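> Sharing upload31.cif (mmCIF, C-alpha atoms) below.
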```
data_protein
loop_
_atom_site.label_atom_id
_atom_site.label_comp_id
_atom_site.auth_asym_id
_atom_site.auth_seq_id
_atom_site.Cartn_x
_atom_site.Cartn_y
_atom_site.Cartn_z
CA MET A 98 -48.29 23.88 -35.83
CA GLU A 99 -45.69 24.07 -33.11
CA ILE A 100 -43.13 22.70 -35.55
CA ARG A 101 -43.97 25.30 -38.18
CA ILE A 102 -43.63 28.10 -35.66
CA MET A 103 -40.31 26.70 -34.45
CA LYS A 104 -39.09 26.63 -38.04
CA ASN A 105 -40.08 30.30 -38.49
CA ILE A 106 -38.16 31.25 -35.36
CA LEU A 107 -35.11 29.29 -36.50
CA ASP A 108 -35.27 30.78 -40.00
CA ARG A 109 -35.42 34.32 -38.64
CA ASN A 110 -32.53 33.50 -36.32
CA GLN A 111 -30.50 32.07 -39.17
CA ASN A 112 -31.00 35.13 -41.37
CA LYS A 113 -29.84 37.49 -38.65
CA ALA A 114 -26.92 35.17 -37.82
CA LYS A 115 -25.75 35.42 -41.42
CA GLU A 116 -25.82 39.23 -41.20
CA VAL A 117 -23.82 39.12 -37.96
CA ARG A 118 -21.28 36.68 -39.42
CA ASP A 119 -20.74 38.80 -42.55
CA MET A 120 -20.41 41.96 -40.49
CA LEU A 121 -17.86 40.40 -38.11
CA ALA A 122 -15.87 38.99 -41.04
CA SER A 123 -15.71 42.46 -42.60
CA LYS A 124 -14.40 43.82 -39.28
CA LYS A 125 -11.96 40.89 -38.89
CA VAL A 126 -13.39 40.01 -35.48
CA VAL A 127 -13.50 36.32 -34.46
CA MET A 128 -16.56 35.48 -32.35
CA VAL A 129 -16.58 32.23 -30.34
CA ASN A 130 -19.87 30.83 -28.98
CA ILE A 131 -19.09 28.87 -25.77
CA ILE A 132 -21.73 26.28 -24.89
CA SER A 133 -21.88 23.88 -21.93
CA SER A 134 -24.01 22.51 -19.12
CA PRO A 135 -24.30 24.68 -16.01
CA GLY A 136 -21.07 24.58 -14.06
CA ALA A 137 -18.83 22.94 -16.65
CA GLY A 138 -16.38 25.81 -16.27
CA LYS A 139 -17.12 28.38 -18.99
CA THR A 140 -16.45 31.42 -16.80
CA THR A 141 -13.27 29.96 -15.28
CA LEU A 142 -12.08 29.17 -18.82
CA LEU A 143 -12.66 32.82 -19.73
CA GLU A 144 -10.78 34.00 -16.63
CA ARG A 145 -7.72 31.88 -17.51
CA THR A 146 -7.91 32.83 -21.19
CA LEU A 147 -8.19 36.55 -20.47
CA GLU A 148 -5.21 36.36 -18.09
CA GLU A 149 -3.20 34.83 -20.93
CA PHE A 150 -4.36 36.96 -23.85
CA ASN A 151 -5.56 40.27 -22.46
CA SER A 152 -2.31 42.09 -23.25
CA LYS A 153 -1.87 40.33 -26.60
CA PHE A 154 -5.32 40.63 -28.20
CA ARG A 155 -8.22 43.04 -27.91
CA ILE A 156 -11.02 40.98 -26.44
CA GLY A 157 -14.68 41.59 -25.66
CA VAL A 158 -17.16 39.32 -23.85
CA ILE A 159 -20.92 38.82 -24.12
CA GLU A 160 -22.30 37.10 -21.03
CA GLY A 161 -25.58 35.24 -21.47
CA ASP A 162 -27.34 34.59 -18.18
CA ILE A 163 -30.91 33.91 -17.20
CA THR A 164 -31.26 36.48 -14.51
CA THR A 165 -28.00 37.52 -12.81
CA ASP A 166 -24.76 39.27 -13.79
CA ARG A 167 -22.59 37.04 -11.59
CA ASP A 168 -20.42 35.72 -14.40
CA ALA A 169 -19.84 39.20 -15.81
CA ARG A 170 -18.80 40.43 -12.34
CA ARG A 171 -16.17 37.70 -12.21
CA LEU A 172 -14.62 39.18 -15.37
CA GLN A 173 -14.76 42.85 -14.38
CA LYS A 174 -11.18 42.74 -13.07
CA PHE A 175 -9.93 42.49 -16.67
CA ASP A 176 -10.99 45.96 -17.78
CA ILE A 177 -12.41 44.72 -21.08
CA PRO A 178 -15.76 45.54 -22.72
CA ILE A 179 -18.45 43.18 -21.36
CA VAL A 180 -22.14 43.13 -22.27
CA VAL A 181 -24.61 41.08 -20.21
CA ILE A 182 -27.68 39.63 -21.91
CA ASN A 183 -30.29 38.49 -19.38
CA THR A 184 -32.67 36.11 -21.08
CA GLU A 185 -35.29 36.44 -18.28
CA GLY A 186 -35.87 32.72 -18.13
CA GLY A 187 -34.96 32.00 -21.74
CA CYS A 188 -32.81 28.93 -22.25
CA HIS A 189 -30.48 30.19 -25.01
CA LEU A 190 -29.12 33.28 -26.74
CA ASP A 191 -30.23 34.16 -30.26
CA SER A 192 -28.70 36.15 -33.10
CA HIS A 193 -31.01 39.13 -32.59
CA SER A 194 -29.88 39.73 -29.00
CA ILE A 195 -26.24 39.20 -30.09
CA SER A 196 -26.67 41.71 -32.90
CA LYS A 197 -27.96 44.32 -30.42
CA ALA A 198 -25.16 43.53 -27.96
CA LEU A 199 -22.54 43.97 -30.71
CA ASP A 200 -23.75 47.55 -31.19
CA SER A 201 -22.19 48.33 -27.80
CA PHE A 202 -18.70 47.26 -28.90
CA ASP A 203 -16.12 49.23 -30.86
CA LEU A 204 -15.60 46.45 -33.39
CA ASP A 205 -12.81 48.28 -35.21
CA ASN A 206 -10.73 47.86 -32.08
CA LEU A 207 -11.41 44.23 -31.23
CA ASP A 208 -9.82 40.95 -32.37
CA LEU A 209 -11.91 38.44 -30.48
CA ILE A 210 -15.33 38.20 -28.84
CA PHE A 211 -16.21 35.37 -26.49
CA VAL A 212 -19.92 34.70 -26.06
CA GLU A 213 -20.69 32.74 -22.88
CA ASN A 214 -24.04 31.20 -23.69
CA VAL A 215 -26.66 30.23 -21.10
CA GLY A 216 -25.70 27.03 -19.23
CA ASN A 217 -27.55 24.42 -21.26
CA LEU A 218 -26.24 21.57 -23.41
CA ILE A 219 -29.32 21.45 -25.66
CA CYS A 220 -31.12 24.61 -26.81
CA PRO A 221 -28.11 26.90 -27.46
CA SER A 222 -26.82 24.41 -30.03
CA GLU A 223 -29.86 25.05 -32.21
CA PHE A 224 -29.34 28.81 -32.45
CA ASP A 225 -26.61 30.09 -34.73
CA LEU A 226 -25.38 33.40 -33.31
CA GLY A 227 -23.18 34.31 -36.28
CA GLU A 228 -20.10 32.98 -34.47
CA LYS A 229 -17.00 31.75 -36.28
CA PHE A 230 -17.31 28.51 -34.32
CA LYS A 231 -19.03 26.93 -31.36
CA LEU A 232 -16.85 25.73 -28.51
CA ALA A 233 -18.30 22.82 -26.54
CA VAL A 234 -17.13 22.62 -22.93
CA VAL A 235 -17.91 19.49 -20.93
CA SER A 236 -16.71 18.52 -17.47
CA THR A 237 -15.46 15.06 -16.50
CA ALA A 238 -17.84 15.22 -13.49
CA GLU A 239 -20.76 15.04 -15.95
CA GLY A 240 -19.79 11.51 -16.97
CA ASP A 241 -18.23 10.06 -20.12
CA ASP A 242 -21.52 9.52 -22.00
CA LYS A 243 -22.41 13.09 -22.93
CA PRO A 244 -21.51 13.23 -26.65
CA GLY A 245 -23.86 10.36 -27.52
CA LYS A 246 -26.66 11.63 -25.29
CA TYR A 247 -26.50 15.26 -26.45
CA PRO A 248 -25.18 14.82 -29.98
CA LEU A 249 -26.15 18.12 -31.63
CA LEU A 250 -23.64 20.30 -29.79
CA PHE A 251 -20.79 17.84 -30.33
CA ARG A 252 -21.67 17.56 -34.01
CA GLU A 253 -21.73 21.36 -34.44
CA ALA A 254 -18.69 22.22 -32.35
CA GLY A 255 -15.51 23.63 -33.88
CA ALA A 256 -13.63 22.26 -30.87
CA VAL A 257 -14.41 20.33 -27.70
CA LEU A 258 -12.84 21.18 -24.35
CA LEU A 259 -12.98 18.38 -21.80
CA ASN A 260 -12.56 20.30 -18.54
CA LYS A 261 -11.82 19.20 -14.94
CA ILE A 262 -9.56 16.33 -15.98
CA ASP A 263 -8.03 16.67 -12.48
CA LEU A 264 -11.26 15.14 -11.10
CA ILE A 265 -10.95 11.89 -13.09
CA PRO A 266 -9.29 9.95 -10.22
CA TYR A 267 -12.28 10.71 -7.96
CA THR A 268 -15.05 9.80 -10.43
CA ASN A 269 -15.98 6.84 -12.62
CA PHE A 270 -15.21 8.87 -15.77
CA ASN A 271 -13.57 6.71 -18.45
CA LEU A 272 -11.47 8.77 -20.83
CA GLU A 273 -11.35 6.13 -23.56
CA ASN A 274 -15.16 5.79 -23.50
CA PHE A 275 -15.50 9.55 -23.81
CA ARG A 276 -13.09 9.76 -26.74
CA THR A 277 -14.84 6.91 -28.53
CA ASP A 278 -18.26 8.41 -27.89
CA LEU A 279 -17.10 11.77 -29.26
CA ARG A 280 -15.43 10.22 -32.34
CA ASN A 281 -18.65 8.40 -33.16
CA ILE A 282 -20.49 11.73 -33.26
CA ASN A 283 -17.78 13.90 -34.80
CA ALA A 284 -14.67 12.08 -35.97
CA GLY A 285 -12.62 15.13 -36.86
CA VAL A 286 -13.31 17.68 -34.12
CA PRO A 287 -10.27 18.80 -32.10
CA LEU A 288 -10.47 17.57 -28.50
CA LEU A 289 -8.52 19.43 -25.82
CA GLU A 290 -8.29 17.85 -22.38
CA ILE A 291 -7.78 20.52 -19.74
CA SER A 292 -8.15 21.62 -16.15
CA CYS A 293 -8.89 25.32 -15.86
CA THR A 294 -8.23 25.31 -12.11
CA LYS A 295 -5.07 23.15 -12.09
CA GLY A 296 -3.64 24.28 -15.43
CA ASP A 297 -3.34 20.95 -17.28
CA GLY A 298 -3.62 21.32 -21.05
CA MET A 299 -4.06 25.09 -20.96
CA LYS A 300 -1.00 25.77 -23.16
CA GLU A 301 -2.48 23.59 -25.90
CA TRP A 302 -5.78 25.47 -25.60
CA PHE A 303 -4.05 28.89 -25.79
CA LYS A 304 -2.14 27.75 -28.85
CA TRP A 305 -5.27 26.39 -30.48
CA ILE A 306 -7.31 29.54 -29.97
CA GLU A 307 -4.39 31.72 -31.14
CA ASP A 308 -4.27 29.73 -34.36
CA GLN A 309 -7.91 30.65 -35.00
CA ILE A 310 -7.33 34.41 -34.80
CA MET B 70 -46.10 36.93 -30.98
CA GLU B 71 -43.54 34.41 -29.79
CA ILE B 72 -44.64 35.09 -26.22
CA ARG B 73 -48.32 34.52 -27.01
CA ILE B 74 -47.52 31.19 -28.70
CA MET B 75 -45.39 30.14 -25.74
CA LYS B 76 -48.30 30.95 -23.42
CA ASN B 77 -50.63 28.78 -25.52
CA ILE B 78 -48.20 25.87 -25.33
CA LEU B 79 -47.81 26.29 -21.58
CA ASP B 80 -51.58 26.56 -21.06
CA ARG B 81 -52.21 23.37 -23.01
CA ASN B 82 -49.45 21.66 -21.05
CA GLN B 83 -50.93 22.86 -17.76
CA ASN B 84 -54.41 21.57 -18.59
CA LYS B 85 -53.11 18.11 -19.44
CA ALA B 86 -50.87 18.14 -16.34
CA LYS B 87 -53.94 18.74 -14.18
CA GLU B 88 -55.66 15.73 -15.78
CA VAL B 89 -52.59 13.56 -15.15
CA ARG B 90 -52.30 14.76 -11.54
CA ASP B 91 -55.97 14.03 -10.78
CA MET B 92 -55.75 10.61 -12.43
CA LEU B 93 -52.59 9.63 -10.48
CA ALA B 94 -54.16 10.84 -7.22
CA SER B 95 -57.22 8.66 -7.86
CA LYS B 96 -54.88 5.69 -8.40
CA LYS B 97 -52.77 6.60 -5.34
CA VAL B 98 -49.59 6.70 -7.40
CA VAL B 99 -46.89 9.22 -6.47
CA MET B 100 -45.03 10.61 -9.48
CA VAL B 101 -41.69 12.39 -8.98
CA ASN B 102 -40.22 14.61 -11.71
CA ILE B 103 -36.42 14.52 -11.43
CA ILE B 104 -34.68 17.51 -13.00
CA SER B 105 -30.97 18.33 -13.24
CA SER B 106 -28.16 19.38 -15.54
CA PRO B 107 -26.62 16.65 -17.70
CA GLY B 108 -24.49 14.38 -15.56
CA ALA B 109 -25.58 15.53 -12.10
CA GLY B 110 -26.41 11.92 -11.23
CA LYS B 111 -30.12 11.32 -11.89
CA THR B 112 -29.68 7.79 -13.25
CA THR B 113 -27.25 6.77 -10.51
CA LEU B 114 -29.73 8.13 -7.95
CA LEU B 115 -32.41 5.93 -9.52
CA GLU B 116 -30.11 2.90 -9.43
CA ARG B 117 -29.42 3.35 -5.71
CA THR B 118 -33.08 4.10 -4.94
CA LEU B 119 -34.35 1.07 -6.86
CA GLU B 120 -31.84 -1.17 -5.06
CA GLU B 121 -33.27 0.08 -1.77
CA PHE B 122 -36.98 0.12 -2.57
CA ASN B 123 -37.60 -2.38 -5.33
CA SER B 124 -38.78 -5.12 -2.95
CA LYS B 125 -40.71 -2.70 -0.75
CA PHE B 126 -42.65 -0.59 -3.28
CA ARG B 127 -43.97 -1.15 -6.76
CA ILE B 128 -42.03 1.31 -8.91
CA GLY B 129 -42.13 2.41 -12.53
CA VAL B 130 -39.74 4.71 -14.42
CA ILE B 131 -40.20 7.07 -17.35
CA GLU B 132 -36.87 7.92 -18.97
CA GLY B 133 -36.71 11.18 -20.90
CA ASP B 134 -33.81 11.32 -23.31
CA ILE B 135 -33.06 13.26 -26.46
CA THR B 136 -32.10 10.39 -28.68
CA THR B 137 -30.75 7.31 -26.86
CA ASP B 138 -32.08 4.71 -24.41
CA ARG B 139 -28.80 4.50 -22.49
CA ASP B 140 -30.27 5.52 -19.12
CA ALA B 141 -33.15 3.07 -19.48
CA ARG B 142 -30.67 0.27 -20.24
CA ARG B 143 -28.85 1.02 -17.00
CA LEU B 144 -32.11 0.31 -15.14
CA GLN B 145 -33.11 -2.86 -17.01
CA LYS B 146 -31.50 -5.09 -14.36
CA PHE B 147 -34.30 -4.12 -11.94
CA ASP B 148 -37.10 -5.86 -13.80
CA ILE B 149 -39.50 -2.94 -13.40
CA PRO B 150 -41.72 -1.27 -16.00
CA ILE B 151 -39.72 1.39 -17.88
CA VAL B 152 -40.92 3.63 -20.69
CA VAL B 153 -38.45 5.68 -22.74
CA ILE B 154 -39.56 8.99 -24.22
CA ASN B 155 -37.16 10.21 -26.90
CA THR B 156 -37.73 13.91 -27.45
CA GLU B 157 -35.82 13.88 -30.79
CA GLY B 158 -33.91 17.02 -29.94
CA GLY B 159 -36.52 18.52 -27.62
CA CYS B 160 -35.15 20.01 -24.42
CA HIS B 161 -37.85 18.92 -21.94
CA LEU B 162 -40.70 16.48 -21.35
CA ASP B 163 -44.29 17.70 -21.41
CA SER B 164 -47.53 16.46 -19.88
CA HIS B 165 -48.89 15.13 -23.17
CA SER B 166 -45.98 12.72 -23.68
CA ILE B 167 -46.18 11.72 -20.00
CA SER B 168 -49.90 11.05 -20.33
CA LYS B 169 -49.24 8.74 -23.29
CA ALA B 170 -46.39 7.01 -21.45
CA LEU B 171 -48.63 6.39 -18.43
CA ASP B 172 -51.00 4.40 -20.67
CA SER B 173 -48.28 1.72 -20.80
CA PHE B 174 -48.25 1.22 -17.01
CA ASP B 175 -50.61 -0.85 -14.89
CA LEU B 176 -51.30 2.01 -12.49
CA ASP B 177 -53.43 -0.11 -10.16
CA ASN B 178 -50.28 -2.03 -9.32
CA LEU B 179 -47.81 0.83 -8.82
CA ASP B 180 -46.94 3.01 -5.79
CA LEU B 181 -44.34 5.27 -7.28
CA ILE B 182 -43.24 6.54 -10.69
CA PHE B 183 -39.94 8.30 -11.19
CA VAL B 184 -39.66 10.51 -14.25
CA GLU B 185 -36.08 11.20 -15.27
CA ASN B 186 -36.42 14.40 -17.26
CA VAL B 187 -34.03 15.48 -20.05
CA GLY B 188 -30.71 16.77 -18.65
CA ASN B 189 -31.40 20.49 -18.54
CA LEU B 190 -31.63 22.87 -15.59
CA ILE B 191 -33.87 25.35 -17.40
CA CYS B 192 -36.67 24.25 -19.74
CA PRO B 193 -38.01 21.21 -17.81
CA SER B 194 -38.79 23.48 -14.86
CA GLU B 195 -41.36 25.33 -16.94
CA PHE B 196 -43.38 22.25 -17.87
CA ASP B 197 -45.64 20.75 -15.21
CA LEU B 198 -45.93 17.01 -15.91
CA GLY B 199 -48.65 16.35 -13.34
CA GLU B 200 -46.04 15.13 -10.83
CA LYS B 201 -46.58 15.23 -7.08
CA PHE B 202 -43.34 17.17 -6.78
CA LYS B 203 -40.22 18.13 -8.68
CA LEU B 204 -36.91 16.88 -7.35
CA ALA B 205 -33.94 19.13 -8.15
CA VAL B 206 -30.60 17.32 -8.34
CA VAL B 207 -27.42 19.37 -8.51
CA SER B 208 -23.82 18.20 -8.32
CA THR B 209 -21.09 19.91 -6.27
CA ALA B 210 -18.92 19.81 -9.41
CA GLU B 211 -21.28 22.37 -10.99
CA GLY B 212 -20.26 25.01 -8.44
CA ASP B 213 -22.04 26.56 -5.48
CA ASP B 214 -23.78 29.33 -7.42
CA LYS B 215 -26.48 27.36 -9.25
CA PRO B 216 -29.63 28.21 -7.23
CA GLY B 217 -29.24 31.95 -7.84
CA LYS B 218 -28.31 31.52 -11.49
CA TYR B 219 -31.12 29.07 -12.34
CA PRO B 220 -33.75 30.09 -9.82
CA LEU B 221 -36.93 28.64 -11.34
CA LEU B 222 -36.12 24.99 -10.65
CA PHE B 223 -35.00 25.68 -7.09
CA ARG B 224 -38.15 27.74 -6.45
CA GLU B 225 -40.42 24.99 -7.81
CA ALA B 226 -38.67 21.99 -6.25
CA GLY B 227 -40.28 19.90 -3.52
CA ALA B 228 -36.79 18.85 -2.44
CA VAL B 229 -33.19 19.55 -3.49
CA LEU B 230 -30.55 16.82 -3.61
CA LEU B 231 -26.99 18.10 -3.56
CA ASN B 232 -25.10 15.16 -5.06
CA LYS B 233 -21.38 14.28 -5.28
CA ILE B 234 -20.54 15.78 -1.88
CA ASP B 235 -17.54 13.40 -1.90
CA LEU B 236 -15.99 15.66 -4.56
CA ILE B 237 -16.04 18.80 -2.37
CA PRO B 238 -12.39 18.39 -1.21
CA TYR B 239 -11.23 18.43 -4.85
CA THR B 240 -13.23 21.48 -6.00
CA ASN B 241 -13.73 25.08 -4.91
CA PHE B 242 -17.34 24.32 -3.95
CA ASN B 243 -18.35 26.21 -0.78
CA LEU B 244 -21.18 24.44 1.05
CA GLU B 245 -22.17 27.49 3.09
CA ASN B 246 -22.41 29.62 -0.05
CA PHE B 247 -24.61 26.99 -1.67
CA ARG B 248 -26.92 26.74 1.33
CA THR B 249 -27.26 30.51 1.56
CA ASP B 250 -27.89 30.81 -2.18
CA LEU B 251 -30.60 28.14 -1.98
CA ARG B 252 -32.25 29.69 1.10
CA ASN B 253 -32.45 33.04 -0.67
CA ILE B 254 -34.43 31.40 -3.50
CA ASN B 255 -36.51 28.94 -1.46
CA ALA B 256 -36.20 29.26 2.32
CA GLY B 257 -38.24 26.18 3.22
CA VAL B 258 -37.24 23.52 0.69
CA PRO B 259 -35.69 20.34 2.18
CA LEU B 260 -32.01 20.03 1.22
CA LEU B 261 -30.41 16.59 1.27
CA GLU B 262 -26.64 16.39 0.85
CA ILE B 263 -25.66 13.05 -0.63
CA SER B 264 -23.18 11.01 -2.62
CA CYS B 265 -24.87 8.39 -4.77
CA THR B 266 -21.57 6.65 -5.52
CA LYS B 267 -20.07 6.75 -1.98
CA GLY B 268 -23.33 6.42 -0.03
CA ASP B 269 -23.22 9.55 2.14
CA GLY B 270 -26.66 10.84 3.10
CA MET B 271 -28.53 8.10 1.24
CA LYS B 272 -30.38 6.88 4.35
CA GLU B 273 -31.81 10.36 4.86
CA TRP B 274 -32.88 10.44 1.21
CA PHE B 275 -34.57 6.99 1.44
CA LYS B 276 -36.39 8.07 4.61
CA TRP B 277 -37.48 11.33 3.00
CA ILE B 278 -38.88 9.71 -0.14
CA GLU B 279 -40.59 7.00 1.94
CA ASP B 280 -42.36 9.71 3.92
CA GLN B 281 -43.82 11.06 0.67
CA ILE B 282 -45.47 7.77 -0.33
#
```
Could you express the structure from this file as structure tokens?

Amino acid sequence: MEIRIMKNILDRNQNKAKEVRDMLASKKVVMVNIISSPGAGKTTLLERTLEEFNSKFRIGVIEGDITTDRDARRLQKFDIPIVVINTEGGCHLDSHSISKALDSFDLDNLDLIFVENVGNLICPSEFDLGEKFKLAVVSTAEGDDKPGKYPLLFREAGAVLLNKIDLIPYTNFNLENFRTDLRNINAGVPLLEISCTKGDGMKEWFKWIEDQI
Amino acid sequence: MEIRIMKNILDRNQNKAKEVRDMLASKKVVMVNIISSPGAGKTTLLERTLEEFNSKFRIGVIEGDITTDRDARRLQKFDIPIVVINTEGGCHLDSHSISKALDSFDLDNLDLIFVENVGNLICPSEFDLGEKFKLAVVSTAEGDDKPGKYPLLFREAGAVLLNKIDLIPYTNFNLENFRTDLRNINAGVPLLEISCTKGDGMKEWFKWIEDQI
């Protein structure tokens, strides 16, 4: 019974996601669904990316958070449209809340929308939001075994950002193990190795995201 | 309707958790439910704790994992009873799967059971497993803002382990901010600041867990 209910919820989510995707395509807006564990660096990635692109593209942000608006406050300096979705304990965003949030944007005057999902490597991967692609962010401090242990996100991702590569010397993270683990799950996905705080690999990330717009 | 169904699931879980808790109390077995984000260091914590206590207490482990038995394999060297629960995509353990797993243990000859929950800071906090207490593990690499952003776990926890304090010099983690954030959510919870790989604070952790048995 639980499984049947879950399927109903996922089906409803999928239908609405398709509507959202079609609508965004018609408006020529690229929506990116950013998924990671808590503290992998999603908000810092957005800060660096907005600094780079804010004068070049018209960008909006949807911030998914359980209960606070802390991440949204960190982005207020950029003077861009931001909508906060508080899930009130919920562990993921869904396409219905995204659809409502999109009503607040002037989509005719946007190129790109970043959705920062709730910090969770599992549940958000199951819910299509109507995005153009999912972006998986994982930090070296989490260990090199994450793709195999949490395969769904890495299988679904349009790109994988390995963040905090500056911490590798201080951890037992093995880059070759990580790459192998990821290739076993998703052989073709682009992998970008970056440090949002130190700057490594950020040019490659900016180029990659620009190519998607 | 979704909310009503969720309440049914939680009620059923709570009833079974009460059964498990009463049964473990009658057997004088302490069960600890370890919850963290992916990669915060739960398995390494278990490795260090088993090295310390394996000759002193009779310990069993339940390993919750989505799809692999990698964490369980890391503990095989200890020659202790280990049961793996694969959730097949599920984002948390529940009391029914724990109850079944406990059938595999000789509870008359155990003092302590560690449950390593699925790596997820959100959903596992909602599901009482019948444990004596929840142990929240959080890594400095996740940032100092986690208690406020994911309050349920920190409110429910019997103790909080702040792991990877050796990484603080290489991150923008602010220990005072973390402590304040935690105190605002749960003023009385014991906070132990440790590094499982470097050894800092481990004696205090061993003493604390010993006091609970």
> Define the interface residues of chain A facing chain B as those within 7 Å, counting only C-alpha atoms, and report them as a PyMOL selection string.
chain A and resi 134-137+163-165+188+217+219-220+238-240+246-247
> Those same residues - C-alpha atoms - I'd like them written as a PDB file, keeping the file's coordinate frame.

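The resulting file, selection_1.pdb, is reproduced below:
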```pdb
ATOM      1  CA  SER A 134     -24.010  22.510 -19.120  1.00  0.00           C
ATOM      2  CA  PRO A 135     -24.300  24.680 -16.010  1.00  0.00           C
ATOM      3  CA  GLY A 136     -21.070  24.580 -14.060  1.00  0.00           C
ATOM      4  CA  ALA A 137     -18.830  22.940 -16.650  1.00  0.00           C
ATOM      5  CA  ILE A 163     -30.910  33.910 -17.200  1.00  0.00           C
ATOM      6  CA  THR A 164     -31.260  36.480 -14.510  1.00  0.00           C
ATOM      7  CA  THR A 165     -28.000  37.520 -12.810  1.00  0.00           C
ATOM      8  CA  CYS A 188     -32.810  28.930 -22.250  1.00  0.00           C
ATOM      9  CA  ASN A 217     -27.550  24.420 -21.260  1.00  0.00           C
ATOM     10  CA  ILE A 219     -29.320  21.450 -25.660  1.00  0.00           C
ATOM     11  CA  CYS A 220     -31.120  24.610 -26.810  1.00  0.00           C
ATOM     12  CA  ALA A 238     -17.840  15.220 -13.490  1.00  0.00           C
ATOM     13  CA  GLU A 239     -20.760  15.040 -15.950  1.00  0.00           C
ATOM     14  CA  GLY A 240     -19.790  11.510 -16.970  1.00  0.00           C
ATOM     15  CA  LYS A 246     -26.660  11.630 -25.290  1.00  0.00           C
ATOM     16  CA  TYR A 247     -26.500  15.260 -26.450  1.00  0.00           C
TER      17      TYR A 247
END
```
> Which polymer residues, protein or nucleic acid, are no farther than 12 Å from (-26.4, 12.8, -3.5), counting all atoms listed in the file, as a PyMOL selection string?
chain B and resi 109-115+117-118+204-210+229-236+260-275
> List the neighbours of Ile195 (chain A) out to 9 Å using all atoms listed in the file; skip same-chain residues closer than 2 positions along the sequence, and give me the result as a ChimeraX atom specification.
/A:114,117,159,182,190-193,197-200,212,226-227
> Could you spell out the hits of the PyMOL selection byres ((chain A and resi 175) around 9) on the shown file, as an mmCIF file with C-alpha atoms, in the frame of the given file?

```
data_model
loop_
_atom_site.group_PDB
_atom_site.id
_atom_site.type_symbol
_atom_site.label_atom_id
_atom_site.label_comp_id
_atom_site.auth_asym_id
_atom_site.auth_seq_id
_atom_site.Cartn_x
_atom_site.Cartn_y
_atom_site.Cartn_z
ATOM 1 C CA GLU A 144 -10.780 34.000 -16.630
ATOM 2 C CA LEU A 147 -8.190 36.550 -20.470
ATOM 3 C CA GLU A 148 -5.210 36.360 -18.090
ATOM 4 C CA ASN A 151 -5.560 40.270 -22.460
ATOM 5 C CA LEU A 172 -14.620 39.180 -15.370
ATOM 6 C CA GLN A 173 -14.760 42.850 -14.380
ATOM 7 C CA LYS A 174 -11.180 42.740 -13.070
ATOM 8 C CA ASP A 176 -10.990 45.960 -17.780
ATOM 9 C CA ILE A 177 -12.410 44.720 -21.080
ATOM 10 C CA PRO A 178 -15.760 45.540 -22.720
#
```
> Could you pull the residues within 10 Å of Val126 (chain A), counting all atoms listed in the file, minus those fewer than 2 positions along the same chain, as a PyMOL selection string?
chain A and resi 118+120-124+128-129+155-156+204-210+228-229+310
